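What follows is a set of notes on a single structure, which appears directly below.
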Amino acid sequence: MLTTPTLLIIVCVIAVYCLLSRKIEASVVTLPMVFAGLGLILGQLGFNLVSADIERRTVHMLAEVTLILVLFSDASRVKFSTLKKSSTIPARMLLIGMPLTILLGAFVARWVSPDQPWALAFLVAAILTPTDAALGQSVVTNKNVPDRIGQTINVESGLNDGLALPVVLVAAIFATSALGASGDMGGGMGGAHAPDNIALFAALQITVGPLAGGVIGFIAAKCLDAAVNRKWTTDVAQGLYILSVAVLAFFGAELLGGNGFISAFVAGLVFGNTAKSPVMYIHEFMEGEGQILTLLTFLVFGAVLAPIGLEHANLKTLGLAVLFLTLVRMLPIWLSLSGTGLSTYEKLFLGWFGPRGLASILFALLVLEEFHIPGGEELAACVVLTVLLSIVAHGLTANPLSNIFGRNKNKEAR
């Protein structure tokens, strides 16, 4: 468990961060920078975040709980009615740009490591494709950034982790099989051993999960509306109810043989678009109490995953990280936005601001824990280097590049 000195340091940093949050948000410093750096420093100085005997279990559970809530929360924010009004740009990025990114990323990963199977190349690409708007939050909040650009970044980051998840799972399953590994290949905290038929197992994971999530999300939304209309429930209880639905969707799918994470994502999507009652608590939770889970994840990333990745980093993994942040991301996004009427700068801006963060960390932690993939250290190195570079590069460039929009507006006004 956490030692008293370690806990004291972490709490003090959180307190200082909260007191200076407005100043920090206006600077180039971001929450991931602060807490990933803190985790790395604590780890290097010998301060153990968790004791060795429970480290794997603790990290695994933290990653699972956080991912369930992130997937459910992000999906519940996406309103179909809003998407209908301005869906062209985010739809192109998600339906054209994202598959092209995974495909190009797999070819690049295979080119860098030609001795590894294609399944592992697709796994690396799928883990490093989802974006995290939190790493460049000032892009979304900066008033100089046009609404359609900020909204596109929010929608993309809200949906692409859930859309990438099936590819991550299927690629992990086939990579494990191709590399001759064996072991527990369950979908989560209640994981079961994979059957001999890997294709059938993968098919069940990505079909039963969405079905279970859709049904649970729909029924849960209708039950909440009924309780609210009859004034049977309080505001606080509604918040707890919404959080319990996310966990219920996860375990419900797991019991049926589907994937709980996909189920949580679909449940959030259906719940958010079915419920007539306000469901702001889940958003407020992720922006308040949920921030604790996020900062703990970055702490663990810095203290546990980053040292492993840095230890096995080399020029090959560094080159792959740079390519994933630039060419692999920006070229597909540029192609997907052709014919949208966006300016060259807007296309480059959307291509560049695909920060890698929470989803990539969580996917990597879960894959390395649940699937016995030989060479997992190199996978960790790719993820660690990509996320570390992204934390710094996107954090430093968020405000300066966003402010260019304001200067362009002033030039046009003259």
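Going by the structure tokens order, chains are called A, B, ..., each with residues numbered from 1, while ligands are numbered from 1 in the order shown.
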
Pick out the residues sitting within 6 Å of A:Ala202, and hand them over as a PyMOL selection string; count only C-alpha atoms, and ignore anything fewer than 3 positions along from it in its own chain. chain A and resi 170+199+205

Point-to-point distance from atom CA of A:Phe349 to atom CA of A:Pro32, Å rounded to tenths: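 Going from atom CA of A:Phe349 over to atom CA of A:Pro32 covers 20.8 Å.
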
Measuring between only C-alpha atoms, which one of A:Val112, A:Ala171, A:Ala164, A:Ala398 shows the shortest distance to A:Leu71?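 Under the stated criterion, the closest residue is A:Ala164.
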
Within 12 Å of A:Val167, counting only C-alpha atoms, which residues qualify if same-chain residues fewer than 3 places away don't, as a VMD selection string? chain A and resid 98 to 99 102 to 103 106 119 to 130 160 to 164 170 to 175 202 to 203 205 to 206 262 363

As a check of understanding: the span from atom CA of A:Ser27 to atom CA of A:Leu62 is 29.1 Å

DSSP alpha helix (DSSP H) residues within stretch 260-355 of chain A, as a count of residues only: 70

Given only C-alpha atoms as the basis, pick out the residue of A:His372, A:Trp334, A:Thr66, A:Leu169 nearest to A:Phe201. A:Leu169

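Counting from atom CA of A:Ile219, the distance to atom CA of A:Gly158 is 22.8 Å.
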
Which residues come within 9 Å of A:Ser157, counting only C-alpha atoms, excluding same-chain residues fewer than 6 positions away, as a ChimeraX atom specification? /A:74,130-133,354

Writer output for current selection, all heavy atoms, as a PDB file, in the first residue's frame:
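After the write, out-v7.pdb holds the following:
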ATOM      1  N   ASP A  74     -17.780   9.324 -21.698  1.00  0.00           N
ATOM      2  CA  ASP A  74     -17.538   9.923 -23.014  1.00  0.00           C
ATOM      3  C   ASP A  74     -18.690   9.635 -23.970  1.00  0.00           C
ATOM      4  O   ASP A  74     -19.138  10.517 -24.718  1.00  0.00           O
ATOM      5  CB  ASP A  74     -16.234   9.387 -23.605  1.00  0.00           C
ATOM      6  CG  ASP A  74     -15.001  10.004 -22.962  1.00  0.00           C
ATOM      7  OD1 ASP A  74     -15.173  10.944 -22.161  1.00  0.00           O
ATOM      8  OD2 ASP A  74     -13.882   9.556 -23.255  1.00  0.00           O
ATOM      9  N   PRO A 130      -6.442   6.086 -30.455  1.00  0.00           N
ATOM     10  CA  PRO A 130      -7.375   6.958 -29.719  1.00  0.00           C
ATOM     11  C   PRO A 130      -6.716   8.226 -29.208  1.00  0.00           C
ATOM     12  O   PRO A 130      -5.548   8.211 -28.814  1.00  0.00           O
ATOM     13  CB  PRO A 130      -7.823   6.066 -28.545  1.00  0.00           C
ATOM     14  CG  PRO A 130      -7.586   4.683 -29.006  1.00  0.00           C
ATOM     15  CD  PRO A 130      -6.366   4.734 -29.867  1.00  0.00           C
ATOM     16  N   THR A 131      -7.463   9.308 -29.221  1.00  0.00           N
ATOM     17  CA  THR A 131      -6.941  10.609 -28.789  1.00  0.00           C
ATOM     18  C   THR A 131      -7.510  10.991 -27.426  1.00  0.00           C
ATOM     19  O   THR A 131      -8.516  10.444 -26.984  1.00  0.00           O
ATOM     20  CB  THR A 131      -7.279  11.701 -29.814  1.00  0.00           C
ATOM     21  OG1 THR A 131      -8.707  11.776 -29.969  1.00  0.00           O
ATOM     22  CG2 THR A 131      -6.659  11.376 -31.156  1.00  0.00           C
ATOM     23  N   ASP A 132      -6.879  11.954 -26.784  1.00  0.00           N
ATOM     24  CA  ASP A 132      -7.268  12.395 -25.449  1.00  0.00           C
ATOM     25  C   ASP A 132      -7.235  13.917 -25.412  1.00  0.00           C
ATOM     26  O   ASP A 132      -6.161  14.519 -25.334  1.00  0.00           O
ATOM     27  CB  ASP A 132      -6.307  11.810 -24.409  1.00  0.00           C
ATOM     28  CG  ASP A 132      -6.682  12.185 -22.983  1.00  0.00           C
ATOM     29  OD1 ASP A 132      -7.702  12.876 -22.794  1.00  0.00           O
ATOM     30  OD2 ASP A 132      -5.952  11.784 -22.060  1.00  0.00           O
ATOM     31  N   ALA A 133      -8.402  14.526 -25.466  1.00  0.00           N
ATOM     32  CA  ALA A 133      -8.485  15.992 -25.510  1.00  0.00           C
ATOM     33  C   ALA A 133      -7.911  16.637 -24.252  1.00  0.00           C
ATOM     34  O   ALA A 133      -7.527  17.804 -24.269  1.00  0.00           O
ATOM     35  CB  ALA A 133      -9.940  16.430 -25.696  1.00  0.00           C
ATOM     36  N   GLY A 354      -4.140  15.368 -32.043  1.00  0.00           N
ATOM     37  CA  GLY A 354      -4.622  14.035 -31.728  1.00  0.00           C
ATOM     38  C   GLY A 354      -3.757  13.501 -30.609  1.00  0.00           C
ATOM     39  O   GLY A 354      -3.028  12.528 -30.787  1.00  0.00           O
TER      40      GLY A 354
END

List the neighbours of stretch 307-322 of chain A out to 8 Å using only C-alpha atoms; skip same-chain residues closer than 4 positions along the sequence, and give me the result as a count of residues only. 19

Test item: residues at most 12 Å from A:Ser244, only C-alpha atoms, excluding those fewer than 3 positions along its chain, as a PyMOL selection string: chain A and resi 65+68-69+72+216-217+220+237-241+247-252+264+267-268+282

Pick from A:Thr233, A:Ser263, A:Gln44, A:Thr58 nearest to A:Gly209, counting only C-alpha atoms: A:Ser263

Which of A:Ala36, A:Leu323, A:Ile242, A:Leu296 sits closest to A:Trp111 [using only C-alpha atoms]: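 For A:Trp111, the nearest of the given residues is A:Leu323.
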
Hey, what's within 8 Å of A:Val387 if we count only C-alpha atoms and toss same-chain stuff fewer than 3 positions away? As number ranges by chain, please? A: 355-357, 360-361, 383-384, 390-391

Got time to write the residues from that selection, N, CA, C and O atoms, as a PDB file, in the first residue's frame?
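Wrote again.pdb, looks like this:
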ATOM      1  N   PRO A 355      -3.793  14.143 -29.423  1.00  0.00           N
ATOM      2  CA  PRO A 355      -2.904  13.732 -28.325  1.00  0.00           C
ATOM      3  C   PRO A 355      -3.197  12.302 -27.885  1.00  0.00           C
ATOM      4  O   PRO A 355      -4.338  11.853 -27.910  1.00  0.00           O
ATOM      5  N   ARG A 356      -2.150  11.578 -27.493  1.00  0.00           N
ATOM      6  CA  ARG A 356      -2.332  10.227 -26.967  1.00  0.00           C
ATOM      7  C   ARG A 356      -2.177  10.299 -25.458  1.00  0.00           C
ATOM      8  O   ARG A 356      -1.215  10.869 -24.948  1.00  0.00           O
ATOM      9  N   GLY A 357      -3.128   9.720 -24.748  1.00  0.00           N
ATOM     10  CA  GLY A 357      -3.068   9.813 -23.302  1.00  0.00           C
ATOM     11  C   GLY A 357      -3.788   8.689 -22.601  1.00  0.00           C
ATOM     12  O   GLY A 357      -3.375   7.533 -22.676  1.00  0.00           O
ATOM     13  N   SER A 360      -4.835   5.253 -24.398  1.00  0.00           N
ATOM     14  CA  SER A 360      -3.670   4.444 -24.776  1.00  0.00           C
ATOM     15  C   SER A 360      -3.017   3.808 -23.554  1.00  0.00           C
ATOM     16  O   SER A 360      -2.612   2.642 -23.585  1.00  0.00           O
ATOM     17  N   ILE A 361      -2.928   4.575 -22.459  1.00  0.00           N
ATOM     18  CA  ILE A 361      -2.351   4.042 -21.222  1.00  0.00           C
ATOM     19  C   ILE A 361      -3.197   2.886 -20.693  1.00  0.00           C
ATOM     20  O   ILE A 361      -2.684   1.810 -20.353  1.00  0.00           O
ATOM     21  N   VAL A 383       4.214   2.621 -26.396  1.00  0.00           N
ATOM     22  CA  VAL A 383       3.133   3.403 -25.783  1.00  0.00           C
ATOM     23  C   VAL A 383       3.702   4.494 -24.887  1.00  0.00           C
ATOM     24  O   VAL A 383       3.271   5.654 -24.938  1.00  0.00           O
ATOM     25  N   VAL A 384       4.677   4.134 -24.060  1.00  0.00           N
ATOM     26  CA  VAL A 384       5.270   5.100 -23.127  1.00  0.00           C
ATOM     27  C   VAL A 384       5.893   6.280 -23.862  1.00  0.00           C
ATOM     28  O   VAL A 384       5.643   7.446 -23.525  1.00  0.00           O
ATOM     29  N   SER A 390       3.732  13.021 -26.458  1.00  0.00           N
ATOM     30  CA  SER A 390       2.472  13.721 -26.667  1.00  0.00           C
ATOM     31  C   SER A 390       2.162  14.662 -25.512  1.00  0.00           C
ATOM     32  O   SER A 390       1.715  15.798 -25.730  1.00  0.00           O
ATOM     33  N   ILE A 391       2.383  14.199 -24.277  1.00  0.00           N
ATOM     34  CA  ILE A 391       2.134  15.041 -23.108  1.00  0.00           C
ATOM     35  C   ILE A 391       2.909  16.350 -23.211  1.00  0.00           C
ATOM     36  O   ILE A 391       2.368  17.440 -22.960  1.00  0.00           O
TER      37      ILE A 391
END

Go through A:Val145, A:Leu100, A:Leu293, A:Leu269 one by one, measure the shortest atom-to-atom distance of each to A:Phe405 using only C-alpha atoms, and give the residue with the smallest value.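 Between A:Val145, A:Leu100, A:Leu293, A:Leu269, the residue approaching A:Phe405 most closely is A:Val145.
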
With only C-alpha atoms as the atoms that count, which of A:Val215, A:Leu401, A:Leu95, A:Ala253 lies nearest to A:Tyr345? A:Leu401
